[in-house]
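All remarks here apply to the structure that follows.
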Amino acid sequence: MTAHSTANSTAHTTAPEEAGAAKAADTALLRLDAATVRFGARTVLDALDLDVAEHEIVCVLGPSGSGKSTLLRAVAGLTPLDAGRVLLDGADQRDVPAHRRGVGLMFQDHQLFPQRDVGGNVGFGPRMHKAPREQRQRRVAELLDLVGLPDAQARAVATLSGGEQQRVALARALAPEPRLLMLDEPLGQLDRSLRERLVVELRQLFGRLGTTVLAVTHDQGEAFALADRVVLMRDGTVAQSGTPYEVWQHPADEFVARFLGFDTIADAVVTGTAAATEWGPLPVPEGTAEGPCRLLVRPTGVVLSAGGALRCEVVARTFRGGHVGVRLRPERGPLLEAECALRDAPREGETVGVGFDPGDIVVLPR
Amino acid sequence: MSALRTAYGRGARTPRGTAHPAAAAVRRRAGVRAALMALPLLFFAAFFAYPVAAIVTRGLHEGGNWHLGRIADVAGDAGIRHVLWFTCWQAAASTALTLLVALPGAYVFARLDFPGRRLLRAVVTVPFVLPTVVAGSAFLALLGRDGFTDSLFGVRLDTGVWAILIAHVFFNYAVVVRTVGGLWAQLDPAQEEAARMLGASRLAAWRRVTLPALGPSVAAAALMVFLFTFTSFGVIQVLGGPMYSTLEVEIYRQTAEVFDLPTAAVLTLLQFAAVAVILALHGWAVRRSQSALRLVDPALTAHRPRGAAERTLLGGVLAVVALLILLPLGVLVARSFDTPSGYGLAFYRALGSTDGGTFSVAPWQTVGNSLRFAAIATVIALAVGGLAAAALVRRSSGRLVRGFDALLMLPLGTSAVTVGFGFLIALDKPPLDLRDSWLLVPLAQALVGTPFVVRVMLPVLRAVDERLREAAAVLGASPWRVWREVELPLVSRAVAIAAGFAFAVSLGEFGATVFIARPDDPTLPVAVARLLGRAGALNYGQAMALSTVLMLVCAASLLVLESLRTTGSGEL
Amino acid sequence: MRTTARRAMGALALATAAAIVLAACGSDSKDKGGDKAAGDSGSKTVTLVSHDSFAASKSVLAEFTKETGYTVKVLRGGDAGAAVNQAILTKDHPRGDVFFGVDNTLLSRALDNGLFTPYTAKDLGQVPAGLQLDAGKHRVTPIDSGAVCVNYDRGYFTAHHLAPPQSFADLVKPAYKNLLVTENVSTSSPGLAFLLGTAATYGDGGWQGYWKQLKSNGVEVVDSWEQAYNDRFSGSSAGKQAKGDRPLVVSYASSPPAEVVGVTPEPAQSPVGVATGTCFQQIEFAGLLHGAKNTAGGQALIDFMLGKAFQEDMPLQMYVDPVRKDAALPPVFTKYGATVDHPATMPPDKIAADRDDWVGSWNSIVLK
């Protein structure tokens, strides 16, 4: 219940500040109004509220089982709502079957039609909408160009690589010019480098086309890179909604923080600008409400210095490309994660001193 | 582009009604299903349930009283119990043996690419249409005195259970090859390959990955073979001899010869009971094994035989086909040329004349009759079976729907005599006064063809990933277009196979056809039977010649049907 | 353009729709046609219901139409037993006017069920009294006769310097051990006729003993005449191809001429002979169906079937003998056929009364 109310308030307070979503709520292209879906006794979508404005790219982020895919299916009309409403351009979609909603959905595993070649797949949507033949052909060529497969028209889908299938699926979803494009784990099955390149390409592409996008993913990196706004889901409700920066900076609660990968969270009692923790007193930003709370210590907030007050033993180091993750066992309190530059990283077994940066310490509501 | 926009414009409609949204969707789906089921239900009610109920009632309800005591009398009879037991176990054994022999064939015809594959696949279906008397006679040449096994191994198998079992394999080989092969050809080989990459042996990969995926179609094939052999008549008579009797033979005897309708009615009920048990078993097995599969273009899965193992398999299957199917067929063809004055075409020439006296039309004209009836029966079976399969695709735990599925299979397990006689006494009043109509023949044939259509199409349809349908729906395809654009292309192979089956079944159907009195347009099998029923070289020779024609017609029709289907359509 | 599949599917869908419409219309028009033919009592169609073996020359049937103005519509299906049973089942709404094909073994069943309306055919006087089994009431009219007899393979007996058997008694002799093949009496009408022949000859209490002897003399039993004659019998041309090894078979007196029809050059004698002392008489009757819509036409048809033209056409059409004394047999019958002077006979009511019991005892003696 608390999570729910927090989510709502967060969503409402942050929405108007966002760059891409500076629209009044009643002009939202997509609105979910207390949308509820139950599978038997399990409630998959729990009175979920969500708005997506035109031209906005929204990424729904959440662990598996949080109801992300059901959300997309409900919007697409593939899963009926048990309560609440889905509105597109202000119109209730209750009696509108999937094929008349004018939304696009790109499935996680693409679901290309195996009996059709690439051109046949991409041209399917326009054909269903009775676009004339030349127009269809032009559109297919255009889209295949756009996704970087200009000569693939006649290829059988079985001969495509994963990345190519991805692109064809995207082209197919875009072909009928849906008013809302939904992507289910769009880059899920691709390898990392391809994913990182594609996510940039996608964002540029959507920006150029002005596409309104609702994507779901479990990968925060993907979500942050792609989205104007990130929505975190938990148990069928919105846990937090905001720009990637906001969410990153101010996780609404411990669930969000942990989902974002922050594991160093401890009980604390704030008095003034210090919080009493098992590690000892930690500095907190000015103006923090006094009293007991949960405290998130980001790895970047753990500063290794010879003069650090807390003595720690280096348990493990993990090379992460640009930096090194260091796992520390403090003389008191639970394990800490720190992040430091490669050349500054201590060796395993070394004992180092640790200080804390208040800028990277976040007080979470209890 | 504006066309697209306009199309979307229609999408946003104002809500109406106050129904609970999810409930409304469920109701809509149920409504669609009911609509799809309407025609098949009507068809089965009018042309199966009603006639069979009529004849059974006639037997048990005489002189205003129900004679239900007869059920206990007949069912308690030791002789009848023996017949029931033999009927069941020979069917089970035949089914097992057929699966054992034909599954490798299913693989070879589905996955290996070798010259003459399509022709041979059509040829193995030929036994299916042959009158059992004719094929049985060819089998005697193979298994009997001085036959192949006798001269080679000194083993005579012409009377007894082995002859029955082997002949059942001969007749039903194609059922397994076509039903299982249809799905096998579309299974993504990558899954089995993946299992092998994970360290599974070839056999283990097959057992763990492919076999479960094939499960529903193997079960479907097994069910059909079982029902066919369960109602076996000619094979039992010709190869088993008078020592062996099945329920089918008994029902024929009680209905057509002894005219003891009460006993026949009880036997029919017994047959139903046994079939019901089998259907329940099948339903249970299928529910356990069905899953969505990754279907691919069959053209991509076939490959030239690689390695010693595959070559051996191909060789083995070809040897079995040659011995079990080509040899007996060859015997018949040879006899059709073997005239008293040496090899020649005399018998074929005689088919063109009306002098023989057997018919008021020349025997070759029965080819036209058969083709016409079979074409109509196939269309009926495809319509009824296709709608039924479409209604059954979305799996449901509903008893009613499962019952509907089972109902469709019942005709296969019901005696042809019962159906034939039932037609006669039930369809005699308007609006169904069809007794003297030529339509009765294709209707009776469609009754047998429909279960094949359902059983062949359903596993493939159910294997189509639901999300593929959804992908099409989201792209703007209405349910009808989803069916036409996504499912139909994926099941087109199955449709062709089903059509081939329905056609072959109709071409070869004899039991019900022969009991339906009709104006003088005999079908090929009926004509063959009439010729065989007369003494003399000319009649027998013509019977063999006409059987050869029947084989050719069957093989040619199947080849044509299969060539109607082409894979991969990427049209814009 | 790989649209073949689509087109095929489209065509299929169209064809399906067309067939449904066609089926509906077809049945409609048939219904109407049927009603018209049936409802109009002055109808020019007379419907003959028969079994699958019925055959008549087109020219002869055309002659009937020329003489009487009636066209014959023939409905046939099933074997003789099935056809009779079907006629009984549909007696409240008979499918035609005349039924042909009930023989002496089934006659009682047909008569007891009130299948026929009496009619005395014009030329009945031409039929020997012995064939008129319902002479008192004229519910049925004899049309053809024949005999079920043991046939022998002439070649075999010549080669083995063995005289072919002539009587029932011969068949149990050691000389003919393992030579005879007969049919299951439960499923084959010649099989049943042969059993009735032995019962007529050896009496109610004696035939069982005879069959025990036959069994120990190695009689083989198969389910159908087709199998016995075409597969097991060594004398028929089909049996030769099938390597049949039984030189004696229970078949018809007309099998020898049938065996040589269409064989060129004409042989001196048929390869098949008839053991004339082993025959059981079969007579086939026609009757006017009770409730017939076209009584006048039906009567005309029965008269015609007893007429000379039809009677003389029958032998080569159905391999039976005419019942009319003055009907001439075709040359192939006179040249190759056997004359059966005193076939065994049995009254139809006795057959009806004892048949089921006998079949049961026969089963336990011969098959068990």
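Residues in the structure tokens are numbered from 1 in each chain, the chains being A, B, ... in the order shown, and ligands are numbered from 1 in the order shown.
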- Query: Please, which residues of stretch 270-468 of chain B, numbered as in this document, come out alpha helix (DSSP H) from DSSP, as a PyMOL selection string?
  - Reply: chain B and resi 270-289+298-301+307-321+327-337+346-350+365-393+399-409+416-426+440-463+466-468
Can I get the selected residues back with C-alpha atoms, as a tab-separated table (two decimals), in the first residue's frame?
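Contents of part.tsv, as written:
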chain	number	residue	atom	x	y	z
B	270	LEU	CA	-19.99	-51.80	-27.02
B	271	GLN	CA	-18.04	-50.37	-29.92
B	272	PHE	CA	-18.88	-46.86	-28.73
B	273	ALA	CA	-17.80	-47.69	-25.21
B	274	ALA	CA	-14.45	-49.02	-26.37
B	275	VAL	CA	-13.94	-46.05	-28.66
B	276	ALA	CA	-14.84	-43.69	-25.83
B	277	VAL	CA	-12.16	-45.23	-23.63
B	278	ILE	CA	-9.61	-44.85	-26.40
B	279	LEU	CA	-10.62	-41.26	-27.04
B	280	ALA	CA	-10.32	-40.46	-23.37
B	281	LEU	CA	-6.84	-41.99	-23.29
B	282	HIS	CA	-5.87	-40.05	-26.37
B	283	GLY	CA	-7.22	-36.81	-24.96
B	284	TRP	CA	-5.29	-37.36	-21.78
B	285	ALA	CA	-2.07	-38.11	-23.64
B	286	VAL	CA	-2.46	-35.07	-25.85
B	287	ARG	CA	-3.21	-32.69	-23.02
B	288	ARG	CA	-0.03	-33.80	-21.37
B	289	SER	CA	2.13	-33.28	-24.38
B	298	PRO	CA	9.40	-27.52	-44.45
B	299	ALA	CA	11.57	-26.80	-47.46
B	300	LEU	CA	14.34	-25.73	-45.10
B	301	THR	CA	14.36	-28.83	-42.92
B	307	GLY	CA	26.56	-40.00	-42.90
B	308	ALA	CA	26.28	-43.74	-42.63
B	309	ALA	CA	23.47	-43.69	-40.08
B	310	GLU	CA	21.12	-41.63	-42.21
B	311	ARG	CA	21.94	-43.58	-45.33
B	312	THR	CA	21.23	-46.82	-43.49
B	313	LEU	CA	17.96	-45.40	-42.22
B	314	LEU	CA	16.96	-44.31	-45.71
B	315	GLY	CA	17.93	-47.70	-47.08
B	316	GLY	CA	15.99	-49.48	-44.37
B	317	VAL	CA	12.86	-47.43	-44.90
B	318	LEU	CA	13.03	-47.87	-48.66
B	319	ALA	CA	13.45	-51.61	-48.19
B	320	VAL	CA	10.41	-51.77	-45.91
B	321	VAL	CA	8.37	-49.73	-48.36
B	327	LEU	CA	5.58	-55.69	-53.75
B	328	PRO	CA	1.90	-56.38	-53.02
B	329	LEU	CA	0.86	-53.49	-55.24
B	330	GLY	CA	3.12	-54.86	-57.95
B	331	VAL	CA	1.41	-58.24	-57.69
B	332	LEU	CA	-1.95	-56.62	-58.37
B	333	VAL	CA	-0.62	-54.64	-61.30
B	334	ALA	CA	0.99	-57.74	-62.76
B	335	ARG	CA	-2.30	-59.65	-62.47
B	336	SER	CA	-4.13	-56.91	-64.31
B	337	PHE	CA	-1.96	-57.59	-67.36
B	346	ALA	CA	-7.31	-57.15	-72.73
B	347	PHE	CA	-8.68	-56.50	-69.23
B	348	TYR	CA	-8.22	-52.78	-69.60
B	349	ARG	CA	-9.95	-52.82	-72.95
B	350	ALA	CA	-12.82	-54.74	-71.39
B	365	GLN	CA	-16.95	-44.59	-66.00
B	366	THR	CA	-16.80	-45.43	-62.32
B	367	VAL	CA	-13.55	-43.45	-62.28
B	368	GLY	CA	-15.56	-40.34	-62.98
B	369	ASN	CA	-18.09	-41.24	-60.29
B	370	SER	CA	-15.37	-41.88	-57.76
B	371	LEU	CA	-13.54	-38.66	-58.53
B	372	ARG	CA	-16.73	-36.66	-58.34
B	373	PHE	CA	-17.82	-38.20	-55.05
B	374	ALA	CA	-14.35	-37.95	-53.59
B	375	ALA	CA	-14.00	-34.31	-54.59
B	376	ILE	CA	-17.32	-33.41	-52.99
B	377	ALA	CA	-16.60	-35.51	-49.92
B	378	THR	CA	-13.17	-33.87	-49.59
B	379	VAL	CA	-14.64	-30.41	-49.78
B	380	ILE	CA	-17.26	-31.29	-47.17
B	381	ALA	CA	-14.65	-32.89	-44.94
B	382	LEU	CA	-12.34	-29.90	-45.27
B	383	ALA	CA	-15.12	-27.47	-44.52
B	384	VAL	CA	-16.46	-29.38	-41.56
B	385	GLY	CA	-13.08	-30.54	-40.28
B	386	GLY	CA	-11.40	-27.19	-40.90
B	387	LEU	CA	-14.06	-25.31	-38.96
B	388	ALA	CA	-13.93	-27.87	-36.20
B	389	ALA	CA	-10.15	-27.63	-36.00
B	390	ALA	CA	-10.35	-23.84	-35.93
B	391	ALA	CA	-12.83	-24.06	-33.06
B	392	LEU	CA	-10.62	-26.50	-31.20
B	393	VAL	CA	-7.32	-24.68	-31.68
B	399	ARG	CA	-15.68	-30.57	-21.12
B	400	LEU	CA	-18.04	-29.57	-23.85
B	401	VAL	CA	-15.24	-28.71	-26.23
B	402	ARG	CA	-13.38	-31.91	-25.48
B	403	GLY	CA	-16.58	-33.82	-26.02
B	404	PHE	CA	-16.93	-32.12	-29.37
B	405	ASP	CA	-13.42	-33.19	-30.29
B	406	ALA	CA	-14.23	-36.77	-29.39
B	407	LEU	CA	-17.53	-36.68	-31.24
B	408	LEU	CA	-15.68	-35.87	-34.44
B	409	MET	CA	-13.63	-39.03	-34.09
B	416	ALA	CA	-19.93	-48.80	-41.65
B	417	VAL	CA	-22.97	-51.06	-41.63
B	418	THR	CA	-24.46	-49.19	-38.70
B	419	VAL	CA	-23.97	-45.88	-40.48
B	420	GLY	CA	-25.21	-47.21	-43.82
B	421	PHE	CA	-28.36	-48.74	-42.32
B	422	GLY	CA	-28.83	-45.71	-40.11
B	423	PHE	CA	-28.81	-43.41	-43.13
B	424	LEU	CA	-31.47	-45.53	-44.68
B	425	ILE	CA	-33.98	-45.39	-41.86
B	426	ALA	CA	-33.17	-41.93	-40.54
B	440	LEU	CA	-25.55	-39.77	-49.42
B	441	VAL	CA	-22.39	-41.34	-50.75
B	442	PRO	CA	-20.13	-38.28	-50.40
B	443	LEU	CA	-21.77	-37.50	-47.08
B	444	ALA	CA	-20.96	-40.95	-45.73
B	445	GLN	CA	-17.45	-40.63	-47.09
B	446	ALA	CA	-16.99	-37.18	-45.59
B	447	LEU	CA	-17.95	-38.62	-42.25
B	448	VAL	CA	-14.83	-40.77	-42.41
B	449	GLY	CA	-12.68	-38.06	-43.96
B	450	THR	CA	-13.49	-35.37	-41.40
B	451	PRO	CA	-11.68	-37.00	-38.46
B	452	PHE	CA	-8.56	-37.10	-40.60
B	453	VAL	CA	-8.82	-33.44	-41.41
B	454	VAL	CA	-9.22	-32.57	-37.74
B	455	ARG	CA	-6.46	-34.87	-36.53
B	456	VAL	CA	-3.98	-33.74	-39.14
B	457	MET	CA	-4.67	-30.03	-38.80
B	458	LEU	CA	-5.12	-29.74	-35.08
B	459	PRO	CA	-1.59	-30.62	-33.91
B	460	VAL	CA	-0.11	-28.22	-36.43
B	461	LEU	CA	-2.59	-25.47	-35.66
B	462	ARG	CA	-2.01	-25.89	-31.96
B	463	ALA	CA	1.72	-25.75	-32.50
B	466	GLU	CA	-0.20	-17.82	-30.06
B	467	ARG	CA	2.04	-14.77	-30.16
B	468	LEU	CA	2.44	-15.14	-33.90
- Write down as a PyMOL selection string the residues belonging to stretch 289-502 of chain B that are assigned strand (DSSP E or B) by DSSP computed on the backbone. chain B and resi 295+303+338-339+342-343
Could you build a table of the residues in chain A lying no more than 8 Å from chain B, giving for each the nearest pair of atoms and their separation in Å rounded to one decimal place, using only C-alpha atoms, ordered by chain and ascending residue number, as a tab-separated table?
residue	atom	partner	partner_atom	distance
A:Ala76	CA	B:Val474	CA	6.7
A:Leu78	CA	B:Glu470	CA	6.9
A:Pro80	CA	B:Ala22	CA	4.9
A:Leu81	CA	B:Ala22	CA	5.5
A:Asp82	CA	B:Ala22	CA	5.1
A:Ala83	CA	B:Pro21	CA	7.2
A:Leu88	CA	B:Ala12	CA	7.5
A:Ala91	CA	B:Ala12	CA	6.1
A:Asp92	CA	B:Pro15	CA	6.0
A:Gln93	CA	B:Ala12	CA	6.9
A:Arg94	CA	B:Pro21	CA	6.2
A:Asp95	CA	B:Pro15	CA	6.1
A:Val96	CA	B:Gly11	CA	6.7
A:Ala98	CA	B:Val474	CA	5.6
A:His99	CA	B:Gly476	CA	4.0
A:Arg100	CA	B:Gly11	CA	4.4
A:Arg101	CA	B:Gly11	CA	5.1
A:Gly102	CA	B:Tyr8	CA	5.3
A:Val103	CA	B:Val474	CA	6.7
A:Gly104	CA	B:Val474	CA	5.9
A:Leu105	CA	B:Val474	CA	6.4
A:Met106	CA	B:Ala471	CA	7.6
A:Phe107	CA	B:Ala471	CA	7.4
A:Gln111	CA	B:Leu468	CA	5.4
A:Leu112	CA	B:Leu468	CA	7.4
A:Phe113	CA	B:Leu468	CA	7.1
A:Pro114	CA	B:Val296	CA	5.8
A:Gln115	CA	B:Gly568	CA	4.7
A:Arg116	CA	B:Gly570	CA	4.3
A:Asp117	CA	B:Gly570	CA	4.8
A:Val118	CA	B:Gly570	CA	7.4
A:Gly119	CA	B:Gly570	CA	6.5
A:Gly120	CA	B:Gly570	CA	4.3
A:Asn121	CA	B:Gly570	CA	7.5
A:Gly123	CA	B:Leu572	CA	5.9
A:Phe124	CA	B:Leu475	CA	7.2
A:Gly125	CA	B:Leu475	CA	4.7
A:Pro126	CA	B:Leu4	CA	6.9
A:Arg127	CA	B:Leu572	CA	7.2
A:Met128	CA	B:Ala477	CA	5.5
A:His129	CA	B:Leu4	CA	5.8
A:Lys130	CA	B:Ala3	CA	7.3
A:Ala131	CA	B:Ala3	CA	5.9
A:Arg133	CA	B:Leu572	CA	7.0
A:Gln135	CA	B:Met1	CA	7.4
A:Arg136	CA	B:Leu572	CA	7.2
A:Gln137	CA	B:Leu572	CA	7.1
A:Ala154	CA	B:Gly570	CA	7.6
A:Ala158	CA	B:Val296	CA	7.7
A:Ala173	CA	B:Leu475	CA	7.0
A:Pro176	CA	B:Leu4	CA	6.6
A:Glu177	CA	B:Leu4	CA	7.5
- Task: Skip stretch 346-357 of chain A itself and residues of its chain fewer than 6 positions away, then list as a ChimeraX atom specification all residues within 12 Å of it, counting only C-alpha atoms.
- Result: /A:274-275,279-285,296-319,324-331,336-340
File dump, residues just selected, N, CA and C atoms, as a short mmCIF file (atom, residue, chain, number, x, y, z; two decimals), in the first residue's frame:
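File written: out05.cif
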data_model
loop_
_atom_site.label_atom_id
_atom_site.label_comp_id
_atom_site.auth_asym_id
_atom_site.auth_seq_id
_atom_site.Cartn_x
_atom_site.Cartn_y
_atom_site.Cartn_z
N ALA A 274 24.38 14.40 10.07
CA ALA A 274 25.05 13.11 10.23
C ALA A 274 24.02 12.03 10.48
N ALA A 275 24.37 10.85 10.01
CA ALA A 275 23.50 9.71 10.24
C ALA A 275 24.30 8.68 10.99
N TRP A 279 28.47 1.58 10.45
CA TRP A 279 29.85 1.94 10.08
C TRP A 279 30.37 3.12 10.89
N GLY A 280 29.44 3.70 11.69
CA GLY A 280 29.78 4.94 12.36
C GLY A 280 28.96 6.06 11.77
N PRO A 281 29.24 7.29 12.12
CA PRO A 281 28.46 8.41 11.58
C PRO A 281 28.82 8.68 10.13
N LEU A 282 27.77 8.86 9.29
CA LEU A 282 27.99 9.17 7.88
C LEU A 282 27.40 10.54 7.60
N PRO A 283 28.06 11.32 6.72
CA PRO A 283 27.50 12.64 6.39
C PRO A 283 26.29 12.48 5.49
N VAL A 284 25.25 13.29 5.74
CA VAL A 284 24.11 13.27 4.83
C VAL A 284 23.88 14.69 4.33
N PRO A 285 23.21 14.83 3.15
CA PRO A 285 22.99 16.17 2.61
C PRO A 285 22.21 17.02 3.60
N LEU A 296 21.09 4.78 1.55
CA LEU A 296 21.78 4.16 0.41
C LEU A 296 23.14 4.81 0.24
N VAL A 297 24.17 3.98 0.21
CA VAL A 297 25.52 4.49 -0.03
C VAL A 297 25.94 4.02 -1.42
N ARG A 298 26.00 4.95 -2.38
CA ARG A 298 26.42 4.56 -3.73
C ARG A 298 27.90 4.21 -3.71
N PRO A 299 28.34 3.34 -4.60
CA PRO A 299 29.77 3.00 -4.65
C PRO A 299 30.63 4.25 -4.83
N THR A 300 30.08 5.22 -5.62
CA THR A 300 30.87 6.45 -5.83
C THR A 300 30.95 7.30 -4.58
N GLY A 301 30.11 6.99 -3.60
CA GLY A 301 30.14 7.76 -2.35
C GLY A 301 31.11 7.19 -1.34
N VAL A 302 31.70 6.04 -1.68
CA VAL A 302 32.69 5.42 -0.79
C VAL A 302 34.07 5.81 -1.31
N VAL A 303 34.74 6.67 -0.59
CA VAL A 303 36.01 7.24 -1.09
C VAL A 303 37.18 6.57 -0.36
N LEU A 304 38.07 5.96 -1.15
CA LEU A 304 39.23 5.32 -0.55
C LEU A 304 40.30 6.39 -0.29
N SER A 305 40.73 6.48 0.94
CA SER A 305 41.84 7.42 1.21
C SER A 305 42.61 6.89 2.40
N ALA A 306 43.87 7.16 2.36
CA ALA A 306 44.74 6.66 3.44
C ALA A 306 44.23 7.15 4.78
N GLY A 307 43.65 8.40 4.77
CA GLY A 307 43.24 8.98 6.04
C GLY A 307 41.82 8.64 6.42
N GLY A 308 41.14 7.80 5.68
CA GLY A 308 39.74 7.48 5.95
C GLY A 308 39.58 6.92 7.35
N ALA A 309 38.43 7.33 7.96
CA ALA A 309 38.24 6.96 9.36
C ALA A 309 37.96 5.48 9.52
N LEU A 310 37.27 4.88 8.51
CA LEU A 310 36.86 3.47 8.64
C LEU A 310 37.90 2.59 7.96
N ARG A 311 38.46 1.65 8.75
CA ARG A 311 39.46 0.75 8.16
C ARG A 311 38.74 -0.43 7.50
N CYS A 312 39.15 -0.75 6.27
CA CYS A 312 38.49 -1.87 5.57
C CYS A 312 39.53 -2.75 4.92
N GLU A 313 39.17 -4.02 4.83
CA GLU A 313 40.01 -4.96 4.08
C GLU A 313 39.41 -5.13 2.70
N VAL A 314 40.25 -5.17 1.66
CA VAL A 314 39.75 -5.37 0.30
C VAL A 314 39.49 -6.85 0.09
N VAL A 315 38.23 -7.17 -0.14
CA VAL A 315 37.86 -8.59 -0.29
C VAL A 315 37.96 -9.03 -1.75
N ALA A 316 37.52 -8.15 -2.66
CA ALA A 316 37.53 -8.52 -4.07
C ALA A 316 37.60 -7.27 -4.93
N ARG A 317 38.15 -7.46 -6.14
CA ARG A 317 38.12 -6.35 -7.08
C ARG A 317 37.52 -6.87 -8.39
N THR A 318 36.72 -6.05 -9.01
CA THR A 318 36.12 -6.44 -10.28
C THR A 318 36.43 -5.37 -11.30
N PHE A 319 37.12 -5.78 -12.36
CA PHE A 319 37.45 -4.84 -13.41
C PHE A 319 36.20 -4.56 -14.22
N VAL A 324 37.10 0.29 -11.49
CA VAL A 324 37.21 -0.99 -10.80
C VAL A 324 36.24 -0.97 -9.63
N GLY A 325 35.46 -2.04 -9.53
CA GLY A 325 34.59 -2.19 -8.37
C GLY A 325 35.37 -2.88 -7.26
N VAL A 326 35.31 -2.30 -6.08
CA VAL A 326 36.08 -2.88 -4.97
C VAL A 326 35.11 -3.26 -3.87
N ARG A 327 35.25 -4.47 -3.38
CA ARG A 327 34.39 -4.92 -2.29
C ARG A 327 35.21 -4.89 -1.01
N LEU A 328 34.63 -4.25 -0.01
CA LEU A 328 35.40 -3.99 1.20
C LEU A 328 34.71 -4.61 2.41
N ARG A 329 35.53 -5.16 3.32
CA ARG A 329 34.97 -5.60 4.59
C ARG A 329 35.43 -4.64 5.67
N PRO A 330 34.52 -3.79 6.15
CA PRO A 330 34.90 -2.78 7.14
C PRO A 330 35.17 -3.42 8.49
N GLU A 331 35.88 -2.70 9.35
CA GLU A 331 36.15 -3.24 10.71
C GLU A 331 34.84 -3.38 11.49
N LEU A 336 30.90 -3.17 2.09
CA LEU A 336 30.71 -1.94 1.33
C LEU A 336 31.20 -2.15 -0.10
N GLU A 337 30.55 -1.45 -1.04
CA GLU A 337 31.03 -1.46 -2.42
C GLU A 337 31.61 -0.09 -2.72
N ALA A 338 32.81 -0.06 -3.34
CA ALA A 338 33.38 1.23 -3.72
C ALA A 338 33.74 1.17 -5.19
N GLU A 339 33.93 2.34 -5.75
CA GLU A 339 34.29 2.39 -7.16
C GLU A 339 35.48 3.32 -7.25
N CYS A 340 36.53 2.87 -7.94
CA CYS A 340 37.65 3.81 -8.08
C CYS A 340 38.36 3.61 -9.39
#
- Task: Pick out the residues sitting within 10 Å of C:Val366, and hand them over as an NGL selection string; count only C-alpha atoms, and ignore anything fewer than 4 positions along from it in its own chain.
- Result: (:B and (242-243)) or (:C and (184 or 208 or 211-212 or 214-216 or 219-221 or 361-362))
Export N, CA and C atoms of the chosen residues as a CSV table (one decimal), in the first residue's frame?
chain,number,residue,atom,x,y,z
B,242,PRO,N,-12.1,-67.5,-40.9
B,242,PRO,CA,-13.3,-67.5,-40.0
B,242,PRO,C,-13.0,-67.7,-38.6
B,243,MET,N,-11.8,-68.0,-38.2
B,243,MET,CA,-11.5,-68.2,-36.8
B,243,MET,C,-11.4,-66.8,-36.1
C,184,ASN,N,-17.5,-69.6,-44.9
C,184,ASN,CA,-18.1,-69.5,-43.6
C,184,ASN,C,-19.6,-69.3,-43.7
C,208,GLN,N,-24.7,-82.9,-38.7
C,208,GLN,CA,-23.6,-82.6,-37.8
C,208,GLN,C,-22.4,-83.6,-38.0
C,211,TRP,N,-20.5,-83.1,-41.2
C,211,TRP,CA,-19.6,-82.0,-41.1
C,211,TRP,C,-18.3,-82.4,-40.3
C,212,LYS,N,-18.6,-83.2,-39.2
C,212,LYS,CA,-17.4,-83.7,-38.5
C,212,LYS,C,-16.5,-84.5,-39.4
C,214,LEU,N,-16.3,-84.2,-42.7
C,214,LEU,CA,-15.7,-83.2,-43.6
C,214,LEU,C,-14.5,-82.5,-43.0
C,215,LYS,N,-14.7,-82.2,-41.7
C,215,LYS,CA,-13.6,-81.5,-41.0
C,215,LYS,C,-12.4,-82.3,-40.9
C,216,SER,N,-12.7,-83.6,-40.5
C,216,SER,CA,-11.5,-84.4,-40.4
C,216,SER,C,-10.9,-84.8,-41.7
C,219,VAL,N,-11.5,-80.1,-44.6
C,219,VAL,CA,-12.1,-79.0,-45.3
C,219,VAL,C,-11.6,-77.6,-44.8
C,220,GLU,N,-11.3,-76.7,-45.8
C,220,GLU,CA,-10.8,-75.4,-45.4
C,220,GLU,C,-12.0,-74.4,-45.4
C,221,VAL,N,-12.1,-73.5,-44.5
C,221,VAL,CA,-13.2,-72.6,-44.5
C,221,VAL,C,-12.6,-71.2,-44.6
C,361,SER,N,-24.4,-74.4,-34.4
C,361,SER,CA,-23.8,-75.7,-34.2
C,361,SER,C,-22.7,-75.8,-35.2
C,362,TRP,N,-22.9,-75.4,-36.4
C,362,TRP,CA,-21.9,-75.5,-37.5
C,362,TRP,C,-20.6,-74.8,-37.0
